[in-house]
Structure formats: structure tokens, C-alpha cells
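Asker: Input structure: protein_36.cif, which contains mmCIF, C-alpha atoms.
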data_query
#
loop_
_atom_site.label_atom_id
_atom_site.label_comp_id
_atom_site.auth_asym_id
_atom_site.auth_seq_id
_atom_site.Cartn_x
_atom_site.Cartn_y
_atom_site.Cartn_z
CA ASP E 1 20.85 -172.43 -112.55
CA ALA E 2 23.93 -172.66 -114.71
CA MET E 3 25.12 -169.23 -115.58
CA VAL E 4 27.88 -166.69 -116.09
CA ILE E 5 28.48 -164.46 -113.09
CA GLN E 6 30.44 -161.24 -113.05
CA ASN E 7 31.59 -159.40 -109.98
CA PRO E 8 31.25 -156.68 -109.13
CA ARG E 9 28.35 -155.21 -111.13
CA TYR E 10 29.74 -151.72 -110.66
CA GLN E 11 33.38 -150.84 -110.10
CA VAL E 12 34.88 -147.42 -109.51
CA THR E 13 38.63 -147.09 -109.79
CA GLN E 14 41.11 -144.25 -109.78
CA PHE E 15 42.98 -143.16 -112.83
CA GLY E 16 46.10 -145.29 -113.09
CA LYS E 17 45.18 -147.69 -110.26
CA PRO E 18 45.18 -151.35 -111.28
CA VAL E 19 41.80 -153.03 -111.22
CA THR E 20 40.65 -156.62 -111.66
CA LEU E 21 37.26 -157.76 -112.86
CA SER E 22 36.16 -161.33 -112.33
CA CYS E 23 33.96 -163.80 -114.13
CA SER E 24 32.87 -167.30 -113.21
CA GLN E 25 30.80 -169.85 -115.06
CA THR E 26 28.97 -173.01 -114.13
CA LEU E 27 28.35 -174.08 -117.73
CA ASN E 28 31.67 -175.93 -118.01
CA HIS E 29 32.28 -174.22 -121.33
CA ASN E 30 35.65 -174.39 -123.02
CA VAL E 31 35.71 -170.83 -124.28
CA MET E 32 35.58 -167.64 -122.22
CA TYR E 33 35.55 -164.17 -123.74
CA TRP E 34 36.02 -160.62 -122.54
CA TYR E 35 34.23 -157.86 -124.41
CA GLN E 36 34.35 -154.11 -123.88
CA GLN E 37 31.20 -152.17 -124.64
CA LYS E 38 30.97 -148.40 -124.62
CA SER E 39 27.74 -146.50 -124.66
CA SER E 40 25.63 -147.08 -127.80
CA GLN E 41 28.35 -149.22 -129.35
CA ALA E 42 28.76 -152.88 -130.15
CA PRO E 43 30.58 -155.22 -127.80
CA LYS E 44 34.23 -155.26 -128.86
CA LEU E 45 36.19 -158.45 -128.33
CA LEU E 46 39.33 -157.97 -126.26
CA PHE E 47 40.51 -161.60 -126.01
CA HIS E 48 39.35 -165.11 -125.38
CA TYR E 49 40.54 -168.37 -123.90
CA TYR E 50 39.94 -171.73 -125.48
CA ASP E 51 40.66 -173.89 -122.45
CA LYS E 52 44.11 -172.57 -121.43
CA ASP E 53 44.96 -171.28 -124.88
CA PHE E 54 44.94 -167.46 -124.80
CA ASN E 55 43.98 -165.49 -127.92
CA ASN E 56 44.53 -161.75 -127.94
CA GLU E 57 42.83 -159.48 -130.48
CA ALA E 58 45.38 -157.51 -132.48
CA ASP E 59 44.04 -154.12 -131.40
CA THR E 60 43.63 -154.88 -127.69
CA PRO E 61 45.85 -152.45 -125.76
CA ASP E 62 48.69 -153.89 -123.68
CA ASN E 63 47.05 -152.27 -120.69
CA PHE E 64 44.54 -155.14 -120.71
CA GLN E 65 45.57 -158.58 -119.49
CA SER E 66 43.67 -161.71 -118.64
CA ARG E 67 44.08 -164.83 -116.53
CA ARG E 68 42.18 -168.08 -116.51
CA PRO E 69 43.38 -170.17 -113.57
CA ASN E 70 40.82 -172.93 -114.17
CA THR E 71 37.80 -173.77 -116.32
CA SER E 72 35.38 -171.85 -114.14
CA PHE E 73 37.12 -168.53 -113.59
CA CYS E 74 38.52 -165.80 -115.79
CA PHE E 75 39.89 -162.40 -114.78
CA LEU E 76 40.38 -159.14 -116.62
CA ASP E 77 43.23 -157.02 -115.32
CA ILE E 78 43.53 -153.38 -116.33
CA ARG E 79 47.01 -152.34 -115.32
CA SER E 80 46.67 -148.56 -115.53
CA PRO E 81 43.09 -147.52 -116.23
CA GLY E 82 42.59 -144.35 -118.18
CA LEU E 83 39.44 -142.30 -118.58
CA GLY E 84 38.93 -143.91 -121.97
CA ASP E 85 38.66 -147.34 -120.36
CA ALA E 86 35.38 -146.49 -118.67
CA ALA E 87 32.92 -148.94 -120.17
CA MET E 88 30.81 -152.01 -119.58
CA TYR E 89 32.95 -155.14 -119.52
CA LEU E 90 31.14 -158.28 -120.56
CA CYS E 91 32.27 -161.81 -119.94
CA ALA E 92 30.82 -164.53 -122.13
CA THR E 93 31.26 -168.26 -122.60
CA SER E 94 30.60 -170.75 -125.34
CA SER E 95 31.01 -174.44 -125.87
CA GLY E 96 34.01 -175.01 -128.09
CA GLN E 97 32.31 -177.85 -129.86
CA LYS E 98 28.84 -176.55 -130.66
CA ASN E 99 29.70 -172.89 -130.33
CA THR E 100 26.58 -171.42 -131.90
CA GLU E 101 25.75 -169.23 -128.92
CA ALA E 102 27.60 -167.01 -126.51
CA PHE E 103 26.25 -166.81 -122.96
CA PHE E 104 26.84 -163.44 -121.36
CA GLY E 105 27.20 -162.36 -117.78
CA GLN E 106 25.44 -159.22 -116.57
CA GLY E 107 28.59 -157.18 -117.03
CA THR E 108 30.70 -154.93 -114.84
CA ARG E 109 30.33 -151.22 -115.40
CA LEU E 110 33.70 -149.61 -114.81
CA THR E 111 34.00 -145.96 -113.90
CA VAL E 112 37.42 -144.29 -113.83
CA VAL E 113 37.77 -141.18 -111.69
CA GLY Y 114 39.27 -158.27 -141.38
CA GLN Y 115 35.63 -158.29 -140.41
CA SER Y 116 32.94 -155.73 -141.14
CA LEU Y 117 29.23 -155.84 -140.36
CA GLU Y 118 26.59 -153.27 -141.21
CA GLN Y 119 23.16 -152.71 -139.69
CA PRO Y 120 20.76 -149.78 -139.69
CA SER Y 121 21.36 -147.64 -136.62
CA GLU Y 122 17.70 -147.13 -135.70
CA VAL Y 123 14.28 -148.54 -136.52
CA THR Y 124 10.91 -147.37 -135.22
CA ALA Y 125 7.63 -149.27 -135.40
CA VAL Y 126 4.29 -149.45 -133.59
CA GLU Y 127 2.94 -152.18 -131.37
CA GLY Y 128 1.58 -155.12 -133.30
CA ALA Y 129 3.59 -154.32 -136.41
CA ILE Y 130 6.29 -156.36 -138.14
CA VAL Y 131 9.85 -155.07 -138.45
CA GLN Y 132 12.89 -156.39 -140.30
CA ILE Y 133 16.45 -155.59 -139.27
CA ASN Y 134 19.05 -156.25 -141.94
CA CYS Y 135 22.68 -157.20 -141.54
CA THR Y 136 25.39 -157.44 -144.16
CA TYR Y 137 28.83 -158.75 -143.42
CA GLN Y 138 32.28 -159.13 -144.84
CA THR Y 139 34.44 -161.54 -142.90
CA SER Y 140 37.59 -163.54 -143.41
CA GLY Y 141 35.92 -166.64 -141.99
CA PHE Y 142 32.29 -167.49 -141.48
CA TYR Y 143 30.53 -170.28 -139.64
CA GLY Y 144 27.22 -168.63 -138.94
CA LEU Y 145 25.22 -165.53 -138.11
CA SER Y 146 23.69 -164.88 -134.70
CA TRP Y 147 21.29 -162.31 -133.37
CA TYR Y 148 21.32 -160.86 -129.87
CA GLN Y 149 18.96 -158.57 -128.01
CA GLN Y 150 20.22 -156.09 -125.45
CA HIS Y 151 18.08 -153.90 -123.25
CA ASP Y 152 19.58 -150.73 -121.81
CA GLY Y 153 21.94 -151.59 -118.98
CA GLY Y 154 21.57 -155.31 -119.58
CA ALA Y 155 23.64 -158.05 -121.14
CA PRO Y 156 23.18 -159.33 -124.68
CA THR Y 157 20.86 -162.32 -124.83
CA PHE Y 158 20.86 -164.85 -127.61
CA LEU Y 159 17.94 -164.88 -130.04
CA SER Y 160 18.91 -167.08 -132.98
CA TYR Y 161 21.69 -168.62 -135.04
CA ASN Y 162 21.81 -169.43 -138.76
CA ALA Y 163 24.56 -171.61 -140.15
CA LEU Y 164 22.79 -172.51 -143.38
CA ASP Y 165 20.77 -170.52 -145.89
CA GLY Y 166 17.13 -170.10 -145.11
CA LEU Y 167 14.71 -169.04 -142.45
CA GLU Y 168 14.78 -170.07 -138.78
CA GLU Y 169 11.65 -169.36 -136.75
CA THR Y 170 11.45 -169.07 -132.98
CA GLY Y 171 8.12 -167.79 -131.80
CA ARG Y 172 7.63 -164.18 -132.82
CA PHE Y 173 11.20 -163.91 -134.05
CA SER Y 174 12.59 -165.29 -137.30
CA SER Y 175 16.06 -165.03 -138.76
CA PHE Y 176 17.18 -165.45 -142.34
CA LEU Y 177 20.58 -166.05 -143.91
CA SER Y 178 21.88 -165.93 -147.46
CA ARG Y 179 25.53 -166.95 -147.44
CA SER Y 180 26.00 -166.18 -151.13
CA ASP Y 181 24.85 -162.59 -150.52
CA SER Y 182 26.60 -162.23 -147.13
CA TYR Y 183 23.28 -161.03 -145.83
CA GLY Y 184 20.86 -161.83 -143.09
CA TYR Y 185 17.90 -160.34 -141.32
CA LEU Y 186 15.94 -160.59 -138.11
CA LEU Y 187 12.17 -160.41 -138.42
CA LEU Y 188 10.14 -159.45 -135.39
CA GLN Y 189 6.37 -159.98 -135.57
CA GLU Y 190 3.52 -158.78 -133.36
CA LEU Y 191 5.78 -156.18 -131.83
CA GLN Y 192 5.43 -155.50 -128.13
CA MET Y 193 6.68 -152.57 -126.07
CA LYS Y 194 9.15 -154.90 -124.35
CA ASP Y 195 10.84 -155.50 -127.71
CA SER Y 196 12.30 -151.98 -127.52
CA ALA Y 197 16.00 -152.73 -127.29
CA SER Y 198 19.19 -152.86 -129.32
CA TYR Y 199 19.63 -155.78 -131.69
CA PHE Y 200 23.05 -156.98 -132.79
CA CYS Y 201 23.99 -159.37 -135.52
CA ALA Y 202 27.18 -161.29 -134.86
CA VAL Y 203 29.35 -163.45 -137.06
CA ARG Y 204 30.81 -166.64 -135.69
CA ASP Y 205 34.23 -166.75 -137.29
CA TYR Y 206 36.90 -169.43 -137.63
CA GLY Y 207 38.63 -168.34 -134.44
CA GLN Y 208 35.81 -169.32 -132.04
CA ASN Y 209 34.88 -165.65 -131.90
CA PHE Y 210 31.61 -163.79 -132.14
CA VAL Y 211 32.16 -160.47 -133.90
CA PHE Y 212 29.30 -158.05 -133.35
CA GLY Y 213 27.72 -155.58 -135.74
CA PRO Y 214 27.17 -151.96 -134.68
CA GLY Y 215 23.64 -152.66 -133.45
CA THR Y 216 20.17 -151.44 -134.36
CA ARG Y 217 18.13 -149.58 -131.80
CA LEU Y 218 14.47 -150.57 -132.08
CA SER Y 219 11.84 -148.28 -130.64
CA VAL Y 220 8.31 -149.65 -130.36
CA LEU Y 221 5.63 -146.99 -130.07
CA PRO Y 222 2.18 -147.50 -128.56
#
Any chance you could put this one into C-alpha cells?

Answerer:
Amino acid sequence: DAMVIQNPRYQVTQFGKPVTLSCSQTLNHNVMYWYQQKSSQAPKLLFHYYDKDFNNEADTPDNFQSRRPNTSFCFLDIRSPGLGDAAMYLCATSSGQKNTEAFFGQGTRLTVV
Amino acid sequence: GQSLEQPSEVTAVEGAIVQINCTYQTSGFYGLSWYQQHDGGAPTFLSYNALDGLEETGRFSSFLSRSDSYGYLLLQELQMKDSASYFCAVRDYGQNFVFGPGTRLSVLP
């Protein structure tokens, strides 16, 4: 089945140690998003790619970076994780043309120790 | 800027009907979506309204009034499995989906 896959589902990292979360999609969608979701809160958009065009939200900390080497894959890099970065990280995709629906992966729950 | 408002919690009994409202203020607007999220799970798409009016999909319906910057999700014949958080989300001009704060629905037996 076509889908959005995130690995790993659970990630534990040390305070200040760089960590990378990955996302792949088989939907061939133009747009890929990264959202951060903390407990009992709404998903908060960090950035998105429209094809290779990167769009950063104004309030996304510099500590968060992203790479999209090809259509199928997108990575979230957290350069120096702090305790406040512990959250669920959700990858989503949408078709740039129709774009009425975002398809979400199962998320990666990040714990910072 | 973008701002969405939803009630934080709603409680109803099995078999009942519940309406979850959403108001929004956005700098650009293409449409309003609704997503369901169970604890520990990912948001899943329920509906999308680009034009005024009611969209019906099974037990769920969604309404939009663009002139009032208002929409709602209507859930009928509530089931225990409908207990979840429900988010409205605005599709803005920048290809983005901006989510509301979410409404936690509890369905009681």
C-alpha cells in the first residue's frame, strides 16, 4: 500500500547529541511536511518542501534542519536536542496540485535524556 | 498570522450526535479540513471543505461558512471508538495545513 513511513517509531537521544529522523513516502507527492506535536497540543508546522523548494516557518528554531535528497525521502535533523524538544515528530505529504489532504506517517516519539 | 479556535473538550454518550465548532482567522484560506487523532496515533483525514455548505461522509459531516470564518464537524450515532482528539486545519496559500488546538471527544457508554 502507498503510504508515509517514519523510522524509527521511538527514538531516545542524549541532551545535545545530534539526531536524525527519517521519513519516506510511496505516494509520489510533491509536498513533504515536518510537524512537532507535544502532549495534548496541536501539530505545529516546522517546515515543508515543495519538490526541492524548502520553506521554513518563521518561528522554527535554528536547531532544526531538514533535507530532502529526492522525492521519496525527507529527513529532520536536530543539531543539539534539548529537553524541550522531546515530542512526537510527524511527517506528512500532500499532492501539490490537489492538496486538500495531508497524509501522515505514524510519527517518531523523541525522548531526550 | 493564523489563529484557529476550538472547544478543548466535549463529552457525549453512545448513539448521540455531537458538533465540534472551529473558527479561524488566517491570512490566506483555501479550505478547512478535519482530522481525527487517537492517543499515540497519527492524525487521519476526515473531510475537507473548500466551498460553503455541508459535506457528508457516512456518520461524519462537515460544514463551512467562509463569510463567517466558521466551520463545524458533526458526528452522528456516536460510538466508543470515536473517542479521540479532533483537529480543524486551514489549508493556506503556502501549501500548508495549520492546525487548531484540538477538541478532545469522550464518548461515554

Asker: Using the chain letters and numbers from this file, what does the PyMOL selection byres ((chain Y) within 10 of (chain E)) select? Give the answer as a PyMOL selection string.

Answerer: chain Y and resi 121+143-148+152-163+198-204+207-217

Asker: I need the residue set behind the PyMOL selection byres ((chain Y and resi 181) around 12) for this file; please write it as a VMD selection string.

Answerer: chain Y and resid 135 to 138 165 176 to 180 182 to 185

Asker: Would you mind listing what lies within 9 Å of E:Pro18 as a count of residues only, with only C-alpha atoms counted and same-chain residues fewer than 4 positions away left out?

Answerer: 7

Asker: Excluding E:Arg68 and any residue of its chain fewer than 5 positions from it, enumerate the residues within 8 Å of it, using only C-alpha atoms, and give them as a list in words.

Answerer: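 Listing them by chain and then by number gives Tyr49, Lys52, Phe73, Cys74 and Phe75 of chain E.
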
Asker: Pull the neighbourhood of (35.6, -173.2, -139.4) for me: all residues within 7 Å in file coordinates, counting only C-alpha atoms, as a PyMOL selection string.

Answerer: chain Y and resi 142-143+205-206

Asker: Given the file above and the PyMOL selection byres ((chain E and resi 85) around 9), which residues are selected, and can you give them as a PyMOL selection string?

Answerer: chain E and resi 36+38+78+81-84+86-87+110-112

Asker: Just give me the gap between atom CA of E:Arg67 and atom CA of Y:His151 in Å, one decimal is fine.

Answerer: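 Going from atom CA of E:Arg67 over to atom CA of Y:His151 covers 29.0 Å.
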
Asker: For atom CA of E:Asn7 and atom CA of E:Gln25, quote the distance in Å rounded to one decimal.

Answerer: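 About the pair atom CA of E:Asn7 and atom CA of E:Gln25: they are 11.6 Å apart.
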
Asker: Atom CA of E:Thr60 and atom CA of E:Ser22 are how many Å apart?

Answerer: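 Those two atoms sit 18.3 Å apart.
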
Asker: Taking into account only C-alpha atoms, which residue in the set Y:Gln119, Y:Ser140, Y:Gln189, Y:Thr124 is nearest to Y:Pro222?

Answerer: Y:Thr124

Asker: Dump as a PyMOL selection string all residues having an atom at most 9 Å from (10.0, -159.6, -131.9), computed in the file's coordinates with all atoms listed in the file.

Answerer: chain Y and resi 130-131+171-174+186-192+194-195
